Each structure stands twice: as structure tokens, then as C-alpha cells.
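Have a look at the structure below before the remarks.
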Amino acid sequence: MDLLRSLPIGLYLEQPVSWLHRIDSRVKLGWLLSFLLTPIAANPYWRLSLVGWLLLLTVLTRLPFRIWRRQVGLILLFSLLLFVLTAFAPDGITVPNQPRLPVEDLSFVQPTLADDPAVTAPSQPAPLPQPTDYRYVLFYQGIFRITRRSLELAIRVATLMFTLIYSTNLYLLTTAPEEITAGIDNLLHPLRRFNLPVTETVLTLTLSLRFIPLVLEEVQNLVRSVRTRAINWKKLGFRGTTQVWVMVAERLVDNLLVRAEQIASAMQVRGFTTPNQHQVQWHQFQLRLWDGVALVGIGLFWVARWIWGG
Amino acid sequence: MPSAITIRDLNFHWSQETPILQACTLEVPRGEFWMLLGTNGSGKSTLLRILAGLLVPQSGEIEVLPPVGFVFQNPDHQLVMPTVGADVAFGLVEERLSYRQVRQRVEEALAAVNLWHLQRRPIYALSGGQKQRVAIAGAIARHSEVLLLDEPTALLDAESQLDLVVQVQQLVKSRGMTALWVTHRLDELDYCDGAFLLEAGHVVDQGEPARLKQRLMQKQVA
């Protein structure tokens, strides 16, 4: 299962147990949502501070550096790349600029100089002294131009990507999959009143979390089976290639369905009740002191967003 | 001695022309570890699936002490929750236990298979032998009287294969469980109390594992 092991993002880390592991999964979900929602309509300073907070949080968990080094590195690199690209890309603002007087008119006023080509050619007016140090264009060198708008866009896109991927990753790193689903089950409890199948939905989610590695494994097996056959793709041509891949895809669906059936019978033997009753009792939800502190933290976080994040 | 598994005149077929089990009769005494031997297609796995209630036979009588625990050949087909502890707890929903009782049962079951320290580990990060032990822990947590194992060592290397047999043997002795183990590896026979030899859908020999082993080895030589 090397495909799964080599994917460093979004895996649960069961040891060492940090204080972040111990916090109630519902409280952590609240924090995650706060990290995802507060950037909406916030200023760049708030967005940048979120990145800082997330990195600080990671350091404070005192998880070993080797665990998050690669994850943080990868996501930071991706965000930086996004930042640079967006900063240098045209900002998309076209300012229609029309001189108050037609250019020809100006040349007409001074007919004596009409022979001089330097004057007749429409030239840029010399930069005028500005009243403040505000400049729309922040950097202009050759073909590279960074404007206020492109810089803001770049910060927005890059920090949004970082907070989106990294906060989710941190949540998944410190929360067991069934802890998450049990938390969701607990939070969705009121919906039971409307006869919504909450437990069934959550159970499906839990099972699918277990299924992801199995699907990856199946895909990997098939890819290997194609590779070991040393197919001469050039000779096959477009049609042949398509046929091979359709065959492989069919096989994949087949195998997955067989697996699903096997798992279904295993569940039956292992004492599966009914979809809407099968609530596995493994996590007890009990808010402790630190959960309370973290909950108050969420409140303060939103207040701070309100005051400084504007 | 009372028996934990009793099968009388069991018949099963997918189609009339190819019967899989024909007048199959066997009895496993309570608290013993028996093995079921046979060539490919002799109906071993089918028999086990009928015992587990996954297949319904056309005729015959079956008596198995409930609850029944089942361990599949490939543990990936049977572990359904994302982490070890939750998976063992999966089978306990039926009994409507309190949180504390569930916790205690799971810890006890995992301790019995020496995996207590891996409670929080995700399933995909386990080795094949560990996965099989988690599957067995699932059955122990339900306080299963009978444990059915369908070639549990087929996908394991030689070392973890013998580890698993020894562990099941010890579990049967210490917890008074009854186990029926399907295999085609003769070296596993040294650990069981008795064995059945299945051929073409019915039991052709049963009893002392040493004698059956001799018989099969002679057959292989001949």
C-alpha cells in the first residue's frame, strides 16, 4: 500500500498523543470551521495572521518536527507558488484613460512645432508630483508588474489555499476518523426530529473513510498489472489504448463491487443491526476543562475577527 | 461431551448438476480446537459460510452455539471501521451496552490477542497478522462461543502463520471457546485437538490430527 503511505496529507497520527488529540472532536470541528469561515470578506492582515496562527498551533502541539515538516513544507511551497503567480499575473483591472483634450488638438495649438516629430507623436506626460506616497503600481520592472490589486489577490488566494488545506490536515492528523463521524452524529442529533437518517448517513461516511485505502490499493494493483505486462503503447495506437483503459476501468469497478459485497457479508456475520441503529459506541463525548477553554477561544477568535479582521 | 457445532446430513448446491456438500455430517466438541482439511473445491469454505448463516442450505440440520465469530481469509474484507478499537466495538452494538462496558470489552479482547497498545491505530497501518488478530478480537469482544476461521493464514508469511495458530490454540484453552479452522497447510495440524477431512462434499475421515496428517502425507507421496 505504498501509494497511501507516500501521501503525506490527511492521515491520522495515533502516536504521540498531543493535547490537540485530547480535545473533543466537536470543539475541534468548530475551530476548523472558524478557520475556514473567518477569511470571508476579511482584510489581508487577518488572512496572513491565520497562516501564522496555524503554524504557531502546530508548534504548540509539540508533535515531532519530522511529522509535519513535509506536510507544512509541501503546502507552503504550493501556496508560495500560487502567491508569486497571482502577484505577477495581470490584475485584470483596465483603467480606460481618455485625455480631456484630443491629442491632435494640442498639436494644432502649437503649429510652429508641428514639424518636430518628437512633439507630434503622442507622448506620455512626465510624472507629476503626487500629494501622498500612495502608488497603485508597486513594482514595475520590464514585463513584471505588481499592483496593489494583484498583491491583494495573491495574498488572498495563497492564504486561502494554505488555511484550507493545512487546517483540515491538522484536524485529520489529530482526530481519528470515527471520532470525527461520531462528533458529526452528535452534532446532527436534532435533525432526527425531522426523521432524517442521521446514524445511517454517518455510518456510511465512516465506512467510506475505511474504504479509501481499499480503493487506492485496488487502483494500485491494476496499475501494476498493466505495467508488468509491458504493453507497447505506440504500437497499440489511440484506439487500442482506449480499449485497454476501458477494460481496466471495468475491472476496477468489478473488483470494487466484489469487495463491497464481501464487506457487506462480513458486516452481517459480525452482528450488524440495521443502518439507522448501528451506532458504534467507541467515543464518549464529555466536555472537559480544556474543551471549555477551546470553546471560549472560538468566541474570542470571532470577536477578534470582527474587530481587526474587517 | 456436549458439542458446540453439530451438522447432520447437510446438502448444498448452486445448481442441481454440481452439488457442493452431500450428506455432510460432523460434530465439534465444546471447548476444543478442530481443523477442517480438504482440497480446493471440496466445500470447506461453503460449509463455514453455512455455519455463519451467510448461505442457506437446501436440506440438513445445523446447531451452533451462538454467538458465532467468523474470521475471513482476507482480513481487509472484514475490518470495517477506520481504527482498531472502533472496529472491535462494531459487533457490540447489538447488545446495547453502556459506553464503559464497550470500552472494557474491547480492551479485554485486544489484550487477549496482545494488541492492547494498538487501540488507536488506523487499520491500513497494520500488518496482515495484526489484522487477523483484530478480526479475532472482534469475535472475542462479542463473547463468541464458537470461532470459525476460513484459511486465516493463507495470506500470512510462515512466521506469523504459526504465531496465529498458537494464539488461537491458547485462546481456545484459556477462554473455553470452540474453534473450527479451515486450512490446507499440514503443519498447522500439530496444534489442534482433532481434524476433519472433507472430500467431494462429505467428511471421509475424522479424529486424531497426527493420523490424518500421516494419511495426507502418504497420499501426497503416492
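Identifiers in this document derive from the order of the C-alpha cells: chains are assigned A, B, ..., residues are numbered from 1 separately in each chain, and ligands are numbered from 1 in order of occurrence.
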Tell me which protein, DNA and RNA residues are within 9 Å of Glu208 of chain B, counting only C-alpha atoms, leaving out same-chain ones fewer than 5 positions away, and put them as a VMD selection string. chain B and resid 193 to 195 213
Once you have the residues from the selection above, write them out as a compact mmCIF listing (two decimals), in the first residue's frame, restricted to C-alpha atoms.
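Result written to again-v3.txt:
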```
# COMPACT_ATOMS: atom_id res chain seq x y z
CA ASP B 193 -7.34 -31.30 19.06
CA GLY B 194 -8.88 -33.03 16.08
CA ALA B 195 -9.50 -32.69 12.39
CA LYS B 213 -1.53 -35.85 8.78
```
Using only C-alpha atoms, find which residues of chain B lie within 9 Å of chain A and jot them down as a VMD selection string. chain B and resid 52 to 54 68 to 72 76 to 83 85 to 87 89 to 94 97 to 99 102 to 103 118 120 to 125 138 to 139 142
Emit the selected residues as a short mmCIF file (atom, residue, chain, number, x, y, z; two decimals), in the first residue's frame, including N, CA, C and O atoms.
```cif
data_model
loop_
_atom_site.label_atom_id
_atom_site.label_comp_id
_atom_site.auth_asym_id
_atom_site.auth_seq_id
_atom_site.Cartn_x
_atom_site.Cartn_y
_atom_site.Cartn_z
N ALA B 52 -22.01 -19.88 9.43
CA ALA B 52 -22.08 -18.48 9.85
C ALA B 52 -23.42 -17.86 9.47
O ALA B 52 -23.71 -16.73 9.86
N GLY B 53 -24.23 -18.61 8.71
CA GLY B 53 -25.54 -18.07 8.33
C GLY B 53 -25.50 -17.21 7.09
O GLY B 53 -26.47 -16.52 6.77
N LEU B 54 -24.39 -17.25 6.36
CA LEU B 54 -24.29 -16.44 5.14
C LEU B 54 -24.96 -17.14 3.96
O LEU B 54 -25.40 -16.50 3.02
N VAL B 68 -21.65 -16.52 17.14
CA VAL B 68 -20.60 -17.10 16.32
C VAL B 68 -19.67 -15.99 15.83
O VAL B 68 -20.12 -14.96 15.37
N GLY B 69 -18.38 -16.25 15.97
CA GLY B 69 -17.40 -15.30 15.42
C GLY B 69 -16.81 -15.89 14.16
O GLY B 69 -16.60 -17.08 14.05
N PHE B 70 -16.57 -15.03 13.16
CA PHE B 70 -16.07 -15.51 11.87
C PHE B 70 -14.82 -14.73 11.49
O PHE B 70 -14.80 -13.51 11.59
N VAL B 71 -13.81 -15.46 11.06
CA VAL B 71 -12.59 -14.78 10.59
C VAL B 71 -12.36 -15.17 9.14
O VAL B 71 -12.22 -16.35 8.83
N PHE B 72 -12.33 -14.18 8.27
CA PHE B 72 -12.20 -14.46 6.83
C PHE B 72 -10.75 -14.65 6.42
O PHE B 72 -9.83 -14.29 7.15
N ASP B 76 -8.92 -7.77 5.23
CA ASP B 76 -9.38 -6.50 4.69
C ASP B 76 -10.85 -6.53 4.32
O ASP B 76 -11.50 -5.50 4.16
N HIS B 77 -11.40 -7.74 4.16
CA HIS B 77 -12.81 -7.85 3.82
C HIS B 77 -13.70 -7.79 5.04
O HIS B 77 -14.91 -7.79 4.94
N GLN B 78 -13.08 -7.79 6.21
CA GLN B 78 -13.91 -7.92 7.38
C GLN B 78 -13.75 -6.78 8.38
O GLN B 78 -14.63 -6.54 9.19
N LEU B 79 -12.64 -6.06 8.29
CA LEU B 79 -12.47 -4.93 9.20
C LEU B 79 -13.12 -3.71 8.56
O LEU B 79 -12.70 -3.28 7.50
N VAL B 80 -14.14 -3.18 9.21
CA VAL B 80 -14.94 -2.17 8.54
C VAL B 80 -14.77 -0.75 9.08
O VAL B 80 -15.06 0.21 8.38
N MET B 81 -14.29 -0.63 10.32
CA MET B 81 -14.14 0.72 10.86
C MET B 81 -12.72 1.22 10.62
O MET B 81 -11.81 0.42 10.41
N PRO B 82 -12.50 2.52 10.65
CA PRO B 82 -11.18 3.04 10.29
C PRO B 82 -10.05 2.75 11.29
O PRO B 82 -8.92 2.66 10.90
N THR B 83 -10.36 2.60 12.58
CA THR B 83 -9.28 2.29 13.51
C THR B 83 -9.60 1.04 14.33
O THR B 83 -10.74 0.60 14.40
N GLY B 85 -9.70 0.04 17.64
CA GLY B 85 -10.65 -0.02 18.74
C GLY B 85 -12.09 0.05 18.27
O GLY B 85 -12.95 -0.74 18.69
N ALA B 86 -12.35 0.97 17.36
CA ALA B 86 -13.71 1.14 16.86
C ALA B 86 -14.16 -0.10 16.10
O ALA B 86 -15.34 -0.48 16.15
N ASP B 87 -13.23 -0.75 15.42
CA ASP B 87 -13.61 -1.94 14.67
C ASP B 87 -14.04 -3.06 15.60
O ASP B 87 -15.03 -3.75 15.36
N ALA B 89 -15.30 -2.66 18.45
CA ALA B 89 -16.56 -2.24 19.05
C ALA B 89 -17.74 -2.38 18.09
O ALA B 89 -18.90 -2.35 18.51
N PHE B 90 -17.44 -2.57 16.81
CA PHE B 90 -18.50 -2.62 15.79
C PHE B 90 -19.55 -3.70 16.08
O PHE B 90 -20.74 -3.48 15.90
N GLY B 91 -19.08 -4.88 16.54
CA GLY B 91 -20.00 -6.00 16.75
C GLY B 91 -20.79 -5.92 18.04
O GLY B 91 -21.61 -6.78 18.33
N LEU B 92 -20.54 -4.88 18.85
CA LEU B 92 -21.16 -4.82 20.17
C LEU B 92 -22.43 -3.99 20.20
O LEU B 92 -23.09 -3.90 21.23
N VAL B 93 -22.78 -3.40 19.06
CA VAL B 93 -23.94 -2.51 19.03
C VAL B 93 -25.22 -3.26 19.41
O VAL B 93 -26.05 -2.76 20.17
N GLU B 94 -25.31 -4.51 18.92
CA GLU B 94 -26.49 -5.34 19.14
C GLU B 94 -26.86 -5.46 20.62
O GLU B 94 -28.03 -5.48 20.97
N LEU B 97 -24.83 -2.12 25.05
CA LEU B 97 -24.04 -1.97 26.26
C LEU B 97 -23.80 -0.49 26.53
O LEU B 97 -23.96 0.34 25.65
N SER B 98 -23.40 -0.20 27.77
CA SER B 98 -23.06 1.19 28.08
C SER B 98 -21.66 1.46 27.53
O SER B 98 -20.92 0.54 27.18
N TYR B 99 -21.32 2.74 27.49
CA TYR B 99 -20.00 3.13 26.96
C TYR B 99 -18.89 2.43 27.73
O TYR B 99 -17.94 1.91 27.14
N VAL B 102 -18.58 -1.26 26.82
CA VAL B 102 -17.98 -1.44 25.50
C VAL B 102 -16.48 -1.28 25.60
O VAL B 102 -15.70 -2.11 25.12
N ARG B 103 -16.06 -0.23 26.27
CA ARG B 103 -14.64 0.06 26.43
C ARG B 103 -13.92 -1.13 27.07
O ARG B 103 -12.88 -1.56 26.63
N LEU B 118 -2.41 -1.10 20.44
CA LEU B 118 -2.69 -0.55 19.11
C LEU B 118 -4.13 -0.06 18.95
O LEU B 118 -4.60 0.13 17.84
N ARG B 120 -5.62 2.69 19.00
CA ARG B 120 -5.93 3.89 18.21
C ARG B 120 -5.35 3.82 16.81
O ARG B 120 -5.51 4.75 16.03
N ARG B 121 -4.69 2.74 16.46
CA ARG B 121 -4.01 2.66 15.17
C ARG B 121 -5.02 2.50 14.03
O ARG B 121 -5.97 1.74 14.15
N PRO B 122 -4.81 3.23 12.90
CA PRO B 122 -5.68 3.01 11.73
C PRO B 122 -5.44 1.62 11.15
O PRO B 122 -4.33 1.11 11.20
N ILE B 123 -6.50 1.02 10.60
CA ILE B 123 -6.40 -0.36 10.11
C ILE B 123 -5.35 -0.50 9.00
O ILE B 123 -4.61 -1.47 8.96
N TYR B 124 -5.27 0.50 8.11
CA TYR B 124 -4.37 0.34 6.97
C TYR B 124 -2.90 0.29 7.41
O TYR B 124 -2.04 -0.12 6.64
N ALA B 125 -2.62 0.73 8.64
CA ALA B 125 -1.23 0.74 9.09
C ALA B 125 -0.85 -0.55 9.81
O ALA B 125 0.21 -0.63 10.40
N GLY B 138 -12.43 -9.05 17.54
CA GLY B 138 -13.83 -8.69 17.31
C GLY B 138 -14.77 -9.79 17.78
O GLY B 138 -15.82 -9.53 18.37
N ALA B 139 -14.37 -11.04 17.51
CA ALA B 139 -15.20 -12.18 17.92
C ALA B 139 -15.14 -12.37 19.44
O ALA B 139 -16.14 -12.67 20.08
N ARG B 142 -17.34 -10.02 21.42
CA ARG B 142 -18.77 -10.39 21.42
C ARG B 142 -19.03 -11.60 22.30
O ARG B 142 -20.15 -12.11 22.35
#
```
Sel. of strand (DSSP E or B) residues, segment 13-216 of chain B, as a VMD selection string: chain B and resid 13 to 15 18 to 29 33 to 38 59 to 64 68 to 71 83 122 146 to 150 178 to 183 194 to 199 202 to 207
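Interatomic distance, atom CA of Asp24 of chain A to atom CA of Lys131 of chain B: 28.0 Å.
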Would you mind listing, for every residue of segment 66-111 of chain B within 12 Å of segment 164-175 of chain B, the two atoms forming the shortest contact and the distance between them in Å to one decimal, using only C-alpha atoms, sorted by chain and ascending residue number, as JSON lines?
```
{"residue": "B:Val71", "atom": "CA", "partner": "B:Val168", "partner_atom": "CA", "distance": 11.5}
{"residue": "B:Glu108", "atom": "CA", "partner": "B:Arg175", "partner_atom": "CA", "distance": 11.9}
{"residue": "B:Ala109", "atom": "CA", "partner": "B:Leu171", "partner_atom": "CA", "distance": 10.6}
{"residue": "B:Ala111", "atom": "CA", "partner": "B:Leu171", "partner_atom": "CA", "distance": 11.4}
```
Would you list the contacts of Gly201 of chain B as a VMD selection string, taking every protein, DNA or RNA residue within 12 Å and counting only C-alpha atoms, but skipping same-chain residues closer than 2 positions in sequence? chain B and resid 9 to 13 18 to 26 37 to 47 196 to 199 203 to 204
For segment 218-221 of chain B, find every residue with an atom within 12 Å (counting only C-alpha atoms), except residues of its own chain fewer than 6 positions away, and show them as JSON, numbers by chain. {"B": [39, 186, 211, 212]}
Within 10 Å of Asp91 of chain A, counting only C-alpha atoms, which residues qualify if same-chain residues fewer than 5 places away don't, as a PyMOL selection string? chain A and resi 86+145-154
When you look at Leu289 of chain A with a cut-off of 12 Å (counting only C-alpha atoms), what residues show up, excluding the ones that are within fewer than 4 positions of it in the same chain? I need them as a ChimeraX atom specification. /A:22-24,293-296
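Each of A:Lys28, A:Leu80, A:Trp306, A:Leu33 was checked against Arg156 of chain A using only C-alpha atoms; the smallest atom-to-atom distance is that of A:Leu80.
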Just list the residues in segment 30-132 of chain B DSSP gives alpha helix (DSSP H) on the backbone, as a PyMOL selection string. chain B and resi 44-51+84-89+99-112+128-132
Quote the spacing between atom CA of Pro39 of chain A and atom CA of Thr159 of chain A in Å to one decimal place. 8.9 Å
Find the residues near Thr61 of chain A: any atom within 10 Å, counting only C-alpha atoms, skip ones fewer than 4 places away on the same chain, and give them as a PyMOL selection string. chain A and resi 17-21+56-57+174
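The coordinates place atom CA of Lys234 of chain A at 20.4 Å from atom CA of Ala249 of chain A.
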